[in-house]
Structures are given as C-alpha cells and as structure tokens.
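Below is the file entry.csv, which contains CSV, C-alpha atoms.
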chain,number,residue,atom,x,y,z
A,4,MET,CA,-23.2,-6.1,-7.1
A,5,THR,CA,-20.5,-3.5,-6.4
A,6,LYS,CA,-20.2,-0.2,-8.3
A,7,THR,CA,-18.1,3.0,-8.1
A,8,THR,CA,-19.5,5.7,-5.9
A,9,GLU,CA,-18.9,8.5,-8.4
A,10,ARG,CA,-19.4,8.6,-12.1
A,11,VAL,CA,-16.4,7.6,-14.2
A,12,GLU,CA,-16.9,7.1,-17.9
A,13,ALA,CA,-15.4,4.1,-19.6
A,14,GLN,CA,-12.6,4.0,-22.2
A,15,TRP,CA,-13.4,0.4,-22.6
A,16,ILE,CA,-15.0,-2.4,-20.5
A,17,GLY,CA,-13.8,-5.9,-19.9
A,18,LEU,CA,-16.2,-8.7,-19.0
A,19,ASP,CA,-15.6,-12.1,-17.4
A,20,TRP,CA,-19.0,-13.6,-17.9
A,21,GLY,CA,-19.3,-17.0,-16.4
A,22,THR,CA,-22.0,-19.6,-15.6
A,23,THR,CA,-23.0,-18.0,-12.3
A,24,ASN,CA,-21.5,-14.5,-12.2
A,25,LEU,CA,-20.8,-11.5,-14.4
A,26,ARG,CA,-17.6,-9.6,-13.4
A,27,ALA,CA,-17.1,-6.2,-15.1
A,28,TYR,CA,-14.0,-4.1,-15.2
A,29,LEU,CA,-14.0,-0.4,-16.1
A,30,MET,CA,-10.7,0.1,-17.9
A,31,ALA,CA,-8.5,3.0,-19.1
A,32,GLY,CA,-5.8,1.4,-21.1
A,33,GLU,CA,-4.5,-1.4,-18.9
A,34,THR,CA,-5.6,0.3,-15.7
A,35,CYS,CA,-8.7,-0.9,-13.9
A,36,LEU,CA,-10.6,2.0,-12.5
A,37,ALA,CA,-13.5,0.1,-11.0
A,38,GLU,CA,-15.1,-3.3,-10.8
A,39,ALA,CA,-18.7,-4.5,-10.6
A,40,ARG,CA,-20.0,-8.0,-10.0
A,41,ALA,CA,-23.6,-9.4,-10.3
A,42,ARG,CA,-25.1,-12.8,-10.1
A,43,LYS,CA,-26.1,-12.6,-13.7
A,44,GLY,CA,-24.2,-15.5,-15.2
A,45,MET,CA,-25.3,-17.5,-18.2
A,46,ASN,CA,-27.4,-20.0,-16.2
A,47,THR,CA,-29.4,-17.2,-14.6
A,48,LEU,CA,-30.5,-15.7,-17.9
A,49,ALA,CA,-33.5,-17.2,-19.7
A,50,THR,CA,-33.2,-15.5,-23.1
A,51,ARG,CA,-30.5,-13.8,-25.3
A,52,ASP,CA,-32.3,-10.5,-24.7
A,53,ASP,CA,-31.6,-11.0,-21.0
A,54,PHE,CA,-27.9,-10.7,-21.6
A,55,GLU,CA,-28.2,-7.1,-22.9
A,56,ARG,CA,-30.3,-6.1,-19.9
A,57,ALA,CA,-27.8,-7.7,-17.5
A,58,LEU,CA,-24.9,-5.9,-19.2
A,59,PHE,CA,-26.5,-2.5,-19.0
A,60,ASP,CA,-27.9,-3.1,-15.5
A,61,THR,CA,-24.3,-3.8,-14.4
A,62,VAL,CA,-22.2,-1.2,-16.3
A,63,GLY,CA,-24.8,1.4,-17.2
A,64,GLY,CA,-23.3,3.9,-14.8
A,65,TRP,CA,-20.0,3.8,-16.6
A,66,LEU,CA,-21.3,4.5,-20.1
A,67,PRO,CA,-21.1,8.0,-21.7
A,68,GLN,CA,-24.2,10.1,-21.4
A,69,ASP,CA,-24.3,10.4,-25.2
A,70,PRO,CA,-25.4,7.0,-26.4
A,71,GLN,CA,-23.7,7.6,-29.8
A,72,VAL,CA,-20.2,7.7,-28.2
A,73,PRO,CA,-18.5,4.3,-28.8
A,74,VAL,CA,-17.2,2.2,-26.0
A,75,ARG,CA,-15.5,-1.1,-26.7
A,76,VAL,CA,-16.7,-4.1,-24.6
A,77,ILE,CA,-14.6,-7.2,-24.6
A,78,ALA,CA,-16.0,-10.3,-23.0
A,79,CYS,CA,-14.7,-13.8,-22.2
A,80,GLY,CA,-16.2,-16.9,-20.7
A,81,MET,CA,-19.5,-18.7,-21.0
A,82,VAL,CA,-21.2,-15.7,-22.6
A,83,GLY,CA,-19.7,-17.1,-25.8
A,84,ALA,CA,-21.1,-20.7,-25.3
A,85,ARG,CA,-23.8,-22.2,-27.4
A,86,GLN,CA,-26.3,-21.3,-24.6
A,87,GLY,CA,-24.8,-17.8,-24.2
A,88,TRP,CA,-25.4,-14.5,-25.8
A,89,ARG,CA,-23.9,-15.5,-29.1
A,90,GLU,CA,-21.7,-18.5,-29.7
A,91,ALA,CA,-18.1,-17.7,-30.4
A,92,PRO,CA,-16.6,-20.8,-32.1
A,93,TYR,CA,-13.7,-22.5,-30.5
A,94,LEU,CA,-10.1,-22.1,-31.6
A,95,ARG,CA,-8.4,-25.4,-31.9
A,96,ALA,CA,-5.3,-26.2,-29.9
A,97,PRO,CA,-2.4,-25.8,-30.4
A,98,THR,CA,-3.2,-22.1,-30.7
A,99,THR,CA,-2.5,-18.6,-29.4
A,100,PRO,CA,-5.0,-17.8,-26.6
A,101,ILE,CA,-6.5,-14.8,-28.3
A,102,GLY,CA,-8.6,-15.2,-31.4
A,103,GLU,CA,-11.0,-13.2,-33.5
A,104,PRO,CA,-14.1,-12.3,-31.4
A,105,ARG,CA,-17.7,-12.7,-32.4
A,106,THR,CA,-19.4,-9.3,-32.3
A,107,VAL,CA,-22.9,-8.7,-30.9
A,108,PRO,CA,-24.6,-5.3,-31.5
A,109,THR,CA,-26.8,-3.8,-28.9
A,110,SER,CA,-29.7,-1.4,-28.8
A,111,ARG,CA,-27.2,1.3,-27.8
A,112,PRO,CA,-25.5,2.5,-31.1
A,113,GLY,CA,-22.1,3.0,-29.4
A,114,ILE,CA,-21.9,-0.4,-27.8
A,115,VAL,CA,-20.9,-3.5,-29.7
A,116,VAL,CA,-19.8,-6.5,-27.5
A,117,GLU,CA,-16.8,-8.5,-28.7
A,118,ILE,CA,-16.9,-12.0,-27.4
A,119,LEU,CA,-13.6,-13.9,-27.3
A,120,PRO,CA,-13.6,-17.5,-28.5
A,121,GLY,CA,-12.8,-20.4,-26.2
A,122,ILE,CA,-10.4,-23.2,-27.1
A,123,SER,CA,-11.1,-26.9,-28.0
A,124,GLN,CA,-8.8,-29.9,-28.3
A,125,ASP,CA,-9.6,-33.0,-30.5
A,126,GLU,CA,-7.7,-35.8,-28.7
A,127,PRO,CA,-8.4,-36.2,-25.9
A,128,ALA,CA,-11.6,-34.1,-26.4
A,129,GLU,CA,-11.5,-31.0,-24.2
A,130,VAL,CA,-13.0,-27.5,-24.2
A,131,MET,CA,-12.4,-24.3,-22.2
A,132,ARG,CA,-14.0,-20.8,-22.1
A,133,GLY,CA,-12.4,-18.1,-20.0
A,134,GLU,CA,-9.3,-19.8,-18.8
A,135,GLU,CA,-7.6,-19.1,-22.1
A,136,THR,CA,-7.9,-15.4,-21.3
A,137,GLN,CA,-6.1,-15.9,-18.0
A,138,ILE,CA,-3.3,-17.7,-20.0
A,139,ALA,CA,-3.2,-14.6,-22.3
A,140,GLY,CA,-2.7,-12.5,-19.1
A,141,ILE,CA,0.2,-14.6,-18.0
A,142,LEU,CA,1.8,-14.4,-21.4
A,143,ALA,CA,1.3,-10.7,-21.5
A,144,ALA,CA,3.5,-10.3,-18.5
A,145,GLU,CA,5.9,-13.1,-19.5
A,146,PRO,CA,5.9,-13.6,-23.3
A,147,ASP,CA,8.6,-16.3,-23.1
A,148,PHE,CA,6.9,-18.4,-20.4
A,149,GLU,CA,6.7,-22.1,-21.1
A,150,GLY,CA,5.4,-24.6,-18.7
A,151,VAL,CA,2.3,-25.9,-16.9
A,152,VAL,CA,-0.6,-23.8,-15.7
A,153,CYS,CA,-3.2,-25.1,-13.3
A,154,LEU,CA,-6.5,-23.1,-13.1
A,155,PRO,CA,-8.5,-24.5,-10.2
A,156,GLY,CA,-12.3,-24.2,-10.1
A,157,THR,CA,-15.4,-26.3,-10.6
A,158,HIS,CA,-13.7,-27.8,-13.6
A,159,THR,CA,-10.0,-27.4,-13.0
A,160,LYS,CA,-7.9,-26.9,-16.1
A,161,TRP,CA,-4.3,-28.0,-16.6
A,162,VAL,CA,-2.7,-26.3,-19.5
A,163,ARG,CA,0.6,-26.7,-21.3
A,164,VAL,CA,2.0,-23.5,-22.6
A,165,ALA,CA,4.8,-23.2,-25.2
A,166,GLU,CA,5.9,-20.9,-28.0
A,167,GLY,CA,3.5,-18.2,-26.9
A,168,GLY,CA,0.4,-20.4,-27.0
A,169,ILE,CA,-1.7,-23.3,-25.6
A,170,VAL,CA,-0.4,-26.6,-26.9
A,171,GLY,CA,-2.6,-29.0,-24.9
A,172,PHE,CA,-4.9,-29.2,-21.8
A,173,ARG,CA,-6.8,-31.5,-19.5
A,174,THR,CA,-9.8,-31.0,-17.3
A,175,ALA,CA,-10.6,-32.4,-13.9
A,176,MET,CA,-14.1,-32.1,-12.4
A,177,THR,CA,-12.7,-32.2,-8.9
A,178,GLY,CA,-14.4,-29.0,-7.7
A,179,GLU,CA,-17.8,-30.2,-8.9
A,180,ILE,CA,-17.3,-33.7,-7.4
A,181,PHE,CA,-16.3,-32.1,-4.1
A,182,GLY,CA,-19.4,-29.9,-4.1
A,183,LEU,CA,-21.7,-32.9,-4.9
A,184,LEU,CA,-20.2,-35.1,-2.2
A,185,SER,CA,-19.9,-32.4,0.5
A,186,GLU,CA,-23.3,-30.9,-0.1
A,187,ARG,CA,-25.6,-33.6,-1.5
A,188,SER,CA,-24.2,-37.0,-0.4
A,189,VAL,CA,-24.3,-38.7,3.1
A,190,LEU,CA,-20.9,-37.0,3.7
A,191,ARG,CA,-22.7,-33.7,4.1
A,192,HIS,CA,-23.6,-34.7,7.7
A,193,SER,CA,-19.9,-34.7,8.6
A,194,MET,CA,-19.0,-31.4,7.0
A,195,ASP,CA,-18.3,-28.2,8.8
A,196,GLU,CA,-16.7,-24.9,7.7
A,197,GLU,CA,-13.3,-25.5,9.4
A,198,TRP,CA,-10.1,-26.7,7.7
A,199,ASP,CA,-7.2,-28.7,9.0
A,200,GLU,CA,-4.0,-28.3,6.9
A,201,GLY,CA,-2.2,-31.3,8.3
A,202,ILE,CA,-5.1,-33.7,7.5
A,203,PHE,CA,-5.4,-32.1,4.0
A,204,ALA,CA,-1.7,-32.7,3.2
A,205,ALA,CA,-1.9,-36.3,4.5
A,206,ALA,CA,-4.9,-37.1,2.4
A,207,VAL,CA,-3.3,-35.7,-0.7
A,208,ALA,CA,-0.2,-37.9,-0.1
A,209,GLU,CA,-2.4,-40.9,0.6
A,210,ALA,CA,-4.5,-40.6,-2.6
A,211,ALA,CA,-1.5,-39.7,-4.8
A,212,ALA,CA,0.3,-42.8,-3.6
A,213,ASP,CA,-2.6,-45.2,-4.3
A,214,PRO,CA,-5.4,-43.4,-6.2
A,215,ALA,CA,-7.2,-46.6,-6.9
A,216,GLN,CA,-8.1,-46.8,-3.2
A,217,ALA,CA,-9.5,-43.2,-3.0
A,218,PRO,CA,-13.1,-44.3,-3.7
A,219,LEU,CA,-12.9,-46.6,-0.6
A,220,ALA,CA,-11.6,-43.8,1.5
A,221,PHE,CA,-14.6,-41.5,1.0
A,222,PHE,CA,-17.1,-43.4,3.2
A,223,ARG,CA,-14.6,-43.8,5.9
A,224,ILE,CA,-14.9,-40.0,6.4
A,225,ARG,CA,-18.5,-40.6,7.5
A,226,ALA,CA,-17.7,-43.7,9.5
A,227,GLN,CA,-14.8,-41.9,11.3
A,228,ASN,CA,-17.2,-39.1,12.2
A,229,LEU,CA,-19.8,-41.5,13.6
A,230,LEU,CA,-17.5,-43.8,15.6
A,231,HIS,CA,-14.6,-41.6,16.7
A,232,ASP,CA,-14.0,-38.1,17.8
A,233,THR,CA,-13.1,-35.9,14.8
A,234,ILE,CA,-11.6,-32.4,15.0
A,235,PRO,CA,-13.1,-29.4,13.4
A,236,GLY,CA,-12.2,-29.2,9.7
A,237,GLU,CA,-11.0,-32.9,9.5
A,238,SER,CA,-13.8,-34.2,7.3
A,239,ARG,CA,-13.8,-31.3,4.8
A,240,ALA,CA,-10.0,-31.2,4.5
A,241,ARG,CA,-9.8,-35.0,4.1
A,242,LEU,CA,-12.4,-35.1,1.3
A,243,SER,CA,-10.7,-32.3,-0.5
A,244,GLY,CA,-7.2,-33.8,-0.1
A,245,LEU,CA,-8.3,-37.2,-1.4
A,246,LEU,CA,-9.9,-35.7,-4.5
A,247,ILE,CA,-7.0,-33.4,-5.3
A,248,GLY,CA,-4.4,-36.1,-4.5
A,249,ALA,CA,-6.1,-38.4,-7.0
A,250,GLU,CA,-6.3,-35.6,-9.6
A,251,LEU,CA,-2.5,-34.9,-9.2
A,252,ALA,CA,-1.8,-38.6,-9.5
A,253,ALA,CA,-3.8,-38.8,-12.7
A,254,LEU,CA,-1.9,-35.8,-14.1
A,255,GLY,CA,1.5,-36.9,-13.1
A,256,ALA,CA,3.1,-36.9,-16.5
A,257,PHE,CA,1.1,-33.9,-17.7
A,258,ARG,CA,2.2,-31.7,-14.8
A,259,ASP,CA,5.9,-32.5,-15.3
A,260,ALA,CA,7.5,-29.1,-14.5
A,261,ALA,CA,9.8,-27.7,-11.8
A,262,ALA,CA,7.0,-25.4,-10.7
A,263,VAL,CA,3.4,-25.2,-11.7
A,264,ARG,CA,1.7,-21.8,-12.2
A,265,VAL,CA,-1.5,-21.9,-10.2
A,266,VAL,CA,-4.1,-19.3,-11.2
A,267,GLY,CA,-7.2,-18.6,-9.1
A,268,ASN,CA,-8.6,-17.1,-5.9
A,269,ALA,CA,-6.3,-17.2,-2.9
A,270,THR,CA,-8.0,-20.0,-1.0
A,271,LEU,CA,-8.5,-22.6,-3.8
A,272,ALA,CA,-5.2,-21.8,-5.5
A,273,GLY,CA,-3.5,-22.0,-2.1
A,274,HIS,CA,-4.9,-25.5,-1.6
A,275,TYR,CA,-3.5,-26.7,-4.9
A,276,ALA,CA,-0.2,-25.1,-4.1
A,277,LYS,CA,0.0,-26.9,-0.8
A,278,ALA,CA,-1.1,-30.2,-2.4
A,279,LEU,CA,1.7,-29.8,-5.0
A,280,GLY,CA,4.1,-29.0,-2.2
A,281,ALA,CA,3.0,-32.2,-0.3
A,282,LEU,CA,4.2,-34.1,-3.4
A,283,GLY,CA,7.5,-32.2,-3.6
A,284,GLN,CA,6.5,-30.0,-6.6
A,285,GLY,CA,6.8,-26.2,-6.6
A,286,ALA,CA,4.0,-23.8,-7.3
A,287,ILE,CA,3.8,-20.1,-8.2
A,288,LEU,CA,0.5,-18.4,-7.4
A,289,HIS,CA,-1.2,-15.9,-9.6
A,290,ASP,CA,-4.4,-14.0,-8.7
A,291,GLY,CA,-7.2,-15.2,-11.0
A,292,ALA,CA,-9.0,-11.9,-11.4
A,293,ALA,CA,-5.8,-10.0,-12.2
A,294,ALA,CA,-4.8,-12.6,-14.8
A,295,THR,CA,-8.3,-12.2,-16.4
A,296,ARG,CA,-8.0,-8.4,-16.5
A,297,ALA,CA,-4.5,-8.7,-18.0
A,298,GLY,CA,-5.8,-11.1,-20.7
A,299,LEU,CA,-8.7,-8.9,-21.6
A,300,ALA,CA,-6.3,-5.9,-21.8
A,301,ALA,CA,-4.1,-8.1,-24.1
A,302,ALA,CA,-7.1,-8.7,-26.3
A,303,TYR,CA,-8.0,-5.0,-26.3
A,304,ARG,CA,-4.5,-4.2,-27.6
A,305,ALA,CA,-4.3,-7.0,-30.1
A,306,LEU,CA,-7.8,-6.7,-31.7
A,307,ALA,CA,-8.3,-3.6,-33.7
A,308,PRO,CA,-11.9,-2.3,-33.6
A,309,GLY,CA,-14.0,-3.5,-36.5
A,310,ARG,CA,-11.9,-6.5,-37.5
A,311,ALA,CA,-14.2,-9.2,-36.3
A,312,THR,CA,-17.4,-10.3,-38.0

Show this structure as structure tokens.
Amino acid sequence: MTKTTERVEAQWIGLDWGTTNLRAYLMAGETCLAEARARKGMNTLATRDDFERALFDTVGGWLPQDPQVPVRVIACGMVGARQGWREAPYLRAPTTPIGEPRTVPTSRPGIVVEILPGISQDEPAEVMRGEETQIAGILAAEPDFEGVVCLPGTHTKWVRVAEGGIVGFRTAMTGEIFGLLSERSVLRHSMDEEWDEGIFAAAVAEAAADPAQAPLAFFRIRAQNLLHDTIPGESRARLSGLLIGAELAALGAFRDAAAVRVVGNATLAGHYAKALGALGQGAILHDGAAATRAGLAAAYRALAPGRAT
C-alpha cells in the first residue's frame, strides 16, 4: 500500500473498491492530492465489519484528528455487490451512469460511506460495477460524447454511450479465460513473460477472420512449442491475439464506430488498441485510473450530502 509521506487532511475521499484491490484517492475538489492502494478487495474480506477496518487502515492518515469532523467518502465497484459492504441495487440501462448511492454509517461519527450503484441490463442479461463510474468520467470531460467505449479487464465491458448515458453493454470474459489457459492449462508450459507484437496482430486477424476455428488453434500453441523453435513471447502473444480477435469478431456490429474509446491500464488498453488497429478500426486511449477519479468527482458534484438513504 502506498501513502503520502506527510499528513494531509481530506476534503473528500474517493474509493475504487474492486474484487482484489482497494484504491483510495485523497481529493480536494477535483484535484487528487494522494493515492493509496491495498490488497483489500471484496474477496479478501470475510465479514462486513472487515470493510470498515480495511477502509480506516488504508485512509486513516488522511482523516481529521477530530473524529466529529465530517468527510465524504464516495465508493464505486464491488464494495456495492451483494457480497460487499452493503448492496447498492443496480440502475437499469438505459440510464445515466451516476445514481443515488447507498449510504453506510461507520463507527466514526464524521464518516458515512456513499456506495454508488452499478448498472444492469435485462436483455441480454448483463451487469457492471465500477465501469459505469469510468463512463461518468469520460462524460464529465466530454458531455456530448456518443459512441463505443471498451473497458478491458478480467471481464471486458463494451458500452454504447448516447444522450449522456449508457444505452447498452456487453461483457467478454476474455481476460479471465486468458488467465485460466495461460496459468492453469497445459498451455502454461509454453508461456513466458515476453511479448511479440507481430505475432499478436497476426493472431488477432486470424481469429477475427474465422472465429469458429479459434478453439482448434489453442492447442497448436503447445504443439508448436514442442515440435518447432518458438521465439520469446510467441506463445503468450498468440494466445492473447486469438482470444481478443474472437472477441472483436463477436462484437463486430456492437463496436460499429469510427474509433473506440479504450479505457484501462496502458498495457492492456494498448493491446486492445493494437487489435482494433489490426482490423482497421481506430482507438482512442484513456487512462483507467484517471477516468475513475473523474467519475468519482462527478458523483461528488452531482450528489448533495444527505440525499441518499
């Protein structure tokens, strides 16, 4: 976990509380003064009481010395799931990305946590928690934006944005499938930590052209490694390219846009941008953490204290 080296008291605190990690932002208006990160995500916490302990362990140094002084804490992500601190019911798409939060009191009188809701979709059935806050961050900077946003991750989201809100979205489990195949299947014996861009682009094009053949291409990665010389990064890049290429083929109609906004960390977002480029589609990159902070700041502005119940 990282913390500031000198004491700075919070005006408000933003939380991106996921399955694995808790990311906290010390905020003054829309300016981030400091960040902290801890491996205290939802899946690491056994009880609801553990959430409060994790919060104060992470941000305690930012809180006013007087425990009666109020500090707003606005949270997004899996903290609002059914297994989280307190469930924040989904908004139903089409909808604006910011909705009424569910409030959670704490043992410190000045701290009430406001948990933002996720978004659901009835047909086809879909849910998201956290990505909607990143969409809010994009709209805060570009209120008139309309188009397609890709948010790569364990479960990659593809979101259509129009008229200031989310009108529909799809989820691809590409990241989780890649993790399972590269770390827990026979293909793990062929993986290294290198990466070959040319092989990645070729695999994207191959899978996008004929996605039905992608399942037959996976084991060839292992066979190629056993029977022929392979270069460093070949196996990892080929597996990723096949999976992302098949994903892009499945979403061909959904991602119809001159350029897709890709929101995430530089490495993974960069892979998606290059995959889109290999298929002749443009991409505009956005830093995922910056989009989350901007979305939390938009919620801070939009939600007056004490409105939610």

Using all atoms listed in the file, the shortest atom-to-atom distance to Gly273 in chain A among A:Val62, A:Leu245, A:Val164, A:Cys153 belongs to A:Cys153

Just to confirm, what's the straight-line distance from CA of Gln14 in chain A to CA of Gly291 in chain A in Å (one decimal)?
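Computed distance, CA of Gln14 in chain A to CA of Gly291 in chain A, equals 22.9 Å.
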
One decimal place gives the CA of Pro112 in chain A-CA of Arg75 in chain A separation as 11.5 Å

Note to self: List the spatial neighbours of Phe257 in chain A as a PyMOL selection string - criterion: any atom at most 9 Å away, all atoms listed in the file, same-chain residues fewer than 5 positions off excluded.
What the structure shows: chain A and resi 151+161-163+172-173

re CA of Gln124 in chain A and CA of Asp259 in chain A: distance 19.8 Å

task: Pick out the residues sitting within 12 Å of range 221-229 of chain A, and hand them over as an MDAnalysis selection string; count all atoms listed in the file, and ignore anything fewer than 6 positions along from it in its own chain.
output: chainID A and resid 180:181 184:185 188:195 202 206 210 214:215 235:246

(Q) Under the rule that all atoms listed in the file are counted, which of A:Val115, A:Ala269, A:Ala205, A:Val263 is the nearest residue to Ala293 in chain A? (A)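 For Ala293 in chain A, the nearest of the candidates is A:Ala269.
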
Open item on the list: When you count only C-alpha atoms, which of these residues is closest to Glu126 in chain A: A:Ile287, A:Tyr275, A:Gln68, A:Val170?
Closed with: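 Ranked by minimum distance to Glu126 in chain A, first place goes to A:Val170.
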
| task | Return the single residue from A:Leu18, A:Ile114, A:Ile101, A:Met81 that is closest to Glu135 in chain A, with distances computed using all atoms listed in the file. | result |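 Selected residue with least distance to Glu135 in chain A: A:Ile101.
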
Using only C-alpha atoms, the best pick from A:Thr159, A:Arg304, A:Val207, A:Pro104 as closest to Leu271 in chain A would be A:Thr159
